[in-house]
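First up is the structure itself, then whatever we jot down about it.
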Amino acid sequence: MSTNLNHIVLVDDNETTSFLNNRLLGRLAVADHVSTFSRADEAFEQLWGDNNAENSVPAPDLVFVDLKMPGVSGFEFLELYNALPKPVQDQTVMAVLTTSMHGADTARVAQYPNVEYLTKPLTEEKMRKLLEKRFQ
């Protein structure tokens, strides 16, 4: 794949899923850096919280977030992200990556503009389509 992003973030409480996704992204060589978080609140704080101004961590190009997680859920993460200023949101493509194909979940995610909805597992084909759609 020709697209090379600076930073992709994986937010999923399942260590095996994060490991496999990280490995896939590494094999595809689509990003210079991949970060993984098992908790959505920690990911949000690290990426966009008050601490970020001090760390000056550049905004990720792409964030994959699972919906069903203990503590702060993927939906709550989307709410926090949606409350960020528009110029901040415009720097990052948000993608839900979930096992859920429940109509209520897909409808709820559809309420967020510009959030992609992907079902697990993440595959090379899904990644290629996402890159073509959002990064070309």
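Each chain of the structure tokens is named A, B, ... in the order shown, its residues numbered from 1; ligands are numbered from 1 in display order.
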Using only C-alpha atoms, determine which residues lie at most 9 Å from Thr119 in chain A, disregarding the query and same-chain residues fewer than 2 positions distant; provide the list as a VMD selection string. chain A and resid 96 to 101 117 121 to 122
Which residues are close to Thr36 in chain A, i.e. within 10 Å by only C-alpha atoms, leaving aside same-chain residues fewer than 2 positions away? Reply as a PyMOL selection string. chain A and resi 8-13+15+18-19+21-22+34+38-39+43+63-64
Using N, CA, C and O atoms, can you export the residues from the last selection as a compact mmCIF listing (two decimals), in the first residue's frame?
# COMPACT_ATOMS: atom_id res chain seq x y z
N ILE A 8 -1.04 5.95 13.72
CA ILE A 8 -2.32 5.26 13.86
C ILE A 8 -2.46 4.83 15.31
O ILE A 8 -1.49 4.37 15.93
N VAL A 9 -3.65 4.98 15.87
CA VAL A 9 -3.92 4.60 17.25
C VAL A 9 -4.98 3.50 17.28
O VAL A 9 -6.00 3.61 16.59
N LEU A 10 -4.72 2.47 18.07
CA LEU A 10 -5.67 1.38 18.29
C LEU A 10 -6.17 1.46 19.72
O LEU A 10 -5.36 1.47 20.66
N VAL A 11 -7.49 1.53 19.91
CA VAL A 11 -8.08 1.56 21.25
C VAL A 11 -8.99 0.35 21.37
O VAL A 11 -10.08 0.32 20.78
N ASP A 12 -8.54 -0.66 22.11
CA ASP A 12 -9.30 -1.89 22.27
C ASP A 12 -8.84 -2.58 23.55
O ASP A 12 -7.64 -2.70 23.78
N ASP A 13 -9.79 -3.04 24.36
CA ASP A 13 -9.43 -3.68 25.61
C ASP A 13 -8.98 -5.14 25.43
O ASP A 13 -8.46 -5.75 26.34
N GLU A 15 -6.41 -7.60 24.28
CA GLU A 15 -4.98 -7.58 23.95
C GLU A 15 -4.67 -8.35 22.68
O GLU A 15 -3.81 -7.94 21.90
N SER A 18 -5.64 -6.23 19.67
CA SER A 18 -4.67 -5.15 19.49
C SER A 18 -3.36 -5.68 18.91
O SER A 18 -2.77 -5.07 18.02
N PHE A 19 -2.91 -6.83 19.42
CA PHE A 19 -1.68 -7.44 18.92
C PHE A 19 -1.80 -7.77 17.43
O PHE A 19 -0.92 -7.43 16.63
N ASN A 21 -3.95 -6.57 15.19
CA ASN A 21 -4.10 -5.36 14.39
C ASN A 21 -2.77 -4.63 14.25
O ASN A 21 -2.43 -4.15 13.16
N ASN A 22 -2.01 -4.58 15.32
CA ASN A 22 -0.70 -3.94 15.29
C ASN A 22 0.22 -4.68 14.32
O ASN A 22 0.95 -4.06 13.53
N VAL A 34 2.56 3.24 15.43
CA VAL A 34 1.26 2.72 15.86
C VAL A 34 1.26 2.68 17.38
O VAL A 34 2.18 2.13 18.00
N SER A 38 -5.49 0.18 25.91
CA SER A 38 -6.54 -0.75 26.32
C SER A 38 -7.70 -0.03 26.98
O SER A 38 -8.74 -0.61 27.21
N ARG A 39 -7.51 1.25 27.28
CA ARG A 39 -8.58 2.05 27.90
C ARG A 39 -8.81 3.33 27.10
O ARG A 39 -7.87 4.07 26.79
N ALA A 43 -6.45 6.78 26.33
CA ALA A 43 -6.14 7.16 24.95
C ALA A 43 -6.54 8.61 24.70
O ALA A 43 -5.76 9.40 24.16
N VAL A 63 -7.61 6.83 14.07
CA VAL A 63 -7.86 6.15 15.34
C VAL A 63 -8.91 5.08 15.12
O VAL A 63 -9.99 5.36 14.58
N PHE A 64 -8.59 3.84 15.51
CA PHE A 64 -9.56 2.76 15.54
C PHE A 64 -10.01 2.60 16.98
O PHE A 64 -9.17 2.45 17.88
Applying 12 Å and only C-alpha atoms, which residues near range 126-132 of chain A remain after dropping the ones on its own chain fewer than 2 positions away? List them as a PyMOL selection string. chain A and resi 1-5+8+21+24-25+27-31+61-64+93-97+114-124+134-136
Limited to C-alpha atoms, could you put the picked residues into a file as a short mmCIF file (atom, residue, chain, number, x, y, z; two decimals), in the first residue's frame?
data_model
loop_
_atom_site.label_atom_id
_atom_site.label_comp_id
_atom_site.auth_asym_id
_atom_site.auth_seq_id
_atom_site.Cartn_x
_atom_site.Cartn_y
_atom_site.Cartn_z
CA MET A 1 0.00 0.00 0.00
CA SER A 2 1.32 3.38 -0.95
CA THR A 3 -0.30 5.54 1.72
CA ASN A 4 2.02 6.15 4.65
CA LEU A 5 0.48 7.81 7.67
CA ILE A 8 -2.32 5.26 13.86
CA ASN A 21 -4.10 -5.36 14.39
CA LEU A 24 -1.22 -6.31 10.37
CA LEU A 25 -0.49 -2.58 10.27
CA ARG A 27 3.18 -5.81 7.82
CA LEU A 28 1.29 -3.37 5.58
CA ALA A 29 3.73 -0.57 6.52
CA VAL A 30 0.99 2.05 6.39
CA ALA A 31 2.18 4.13 9.36
CA ASP A 61 -3.97 10.48 11.39
CA LEU A 62 -6.28 7.57 12.18
CA VAL A 63 -7.86 6.15 15.34
CA PHE A 64 -9.56 2.76 15.54
CA VAL A 93 -9.99 10.12 10.86
CA MET A 94 -12.03 8.21 13.45
CA ALA A 95 -13.00 4.60 12.72
CA VAL A 96 -15.09 2.30 14.88
CA LEU A 97 -13.73 -1.25 14.75
CA ASN A 114 -17.17 11.39 9.28
CA VAL A 115 -16.82 8.34 11.55
CA GLU A 116 -16.13 5.12 9.66
CA TYR A 117 -17.74 1.85 10.79
CA LEU A 118 -15.76 -1.37 10.32
CA THR A 119 -16.42 -4.84 11.66
CA LYS A 120 -13.67 -7.00 13.11
CA PRO A 121 -11.37 -8.45 12.11
CA LEU A 122 -9.36 -5.68 10.50
CA THR A 123 -8.06 -7.01 7.19
CA GLU A 124 -5.74 -5.78 4.47
CA ARG A 134 -10.20 8.89 3.46
CA PHE A 135 -6.55 9.52 2.60
CA GLN A 136 -6.31 9.84 -1.19
#
Test item: residues at most 8 Å from range 78-90 of chain A, only C-alpha atoms, excluding those fewer than 3 positions along its chain, as a short mmCIF file (atom, residue, chain, number, x, y, z; two decimals) with N, CA, C and O atoms, in the first residue's frame:
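Below you can see around.cif, which holds the result:
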data_model
loop_
_atom_site.label_atom_id
_atom_site.label_comp_id
_atom_site.auth_asym_id
_atom_site.auth_seq_id
_atom_site.Cartn_x
_atom_site.Cartn_y
_atom_site.Cartn_z
N PHE A 44 -7.76 8.96 25.10
CA PHE A 44 -8.23 10.33 24.86
C PHE A 44 -7.35 11.34 25.58
O PHE A 44 -6.95 12.36 25.00
N ALA A 59 -1.33 15.10 16.49
CA ALA A 59 -2.60 14.38 16.41
C ALA A 59 -2.43 13.14 15.52
O ALA A 59 -1.73 13.20 14.51
N GLY A 74 -16.54 2.95 23.73
CA GLY A 74 -16.24 3.58 22.45
C GLY A 74 -17.22 4.71 22.13
O GLY A 74 -16.83 5.73 21.55
N PHE A 75 -18.48 4.53 22.52
CA PHE A 75 -19.46 5.60 22.29
C PHE A 75 -19.11 6.85 23.10
O PHE A 75 -19.20 7.96 22.59
N VAL A 93 -8.87 10.94 11.33
CA VAL A 93 -9.99 10.12 10.86
C VAL A 93 -10.32 9.13 11.98
O VAL A 93 -9.43 8.45 12.49
N TYR A 112 -22.60 10.31 14.08
CA TYR A 112 -21.36 11.09 14.13
C TYR A 112 -20.87 11.32 12.70
O TYR A 112 -20.61 10.36 11.98
#
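For the pair CA of Ala40 in chain A and CA of Gly71 in chain A, the interatomic distance is 7.8 Å.
Of note, CA of His7 in chain A and CA of Pro60 in chain A are spaced 4.8 Å apart.
For chain A, backbone-based DSSP assignment of strand (DSSP E or B) covers Leu5, Asn6, His7, Ile8, Val9, Leu10, Val11, Ala31, Asp32, His33, Val34, Ser35, Thr36, Phe37, Leu62, Val63, Phe64, Val65, Val93, Met94, Ala95, Val96, Leu97, Thr98, Val115, Glu116, Tyr117, Leu118 and Thr119 of chain A.
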Please return as a PyMOL selection string: the residues of chain A that backbone DSSP assigns to alpha helix (DSSP H). chain A and resi 15-28+40-48+50-55+74-82+86-89+103-110+124-135
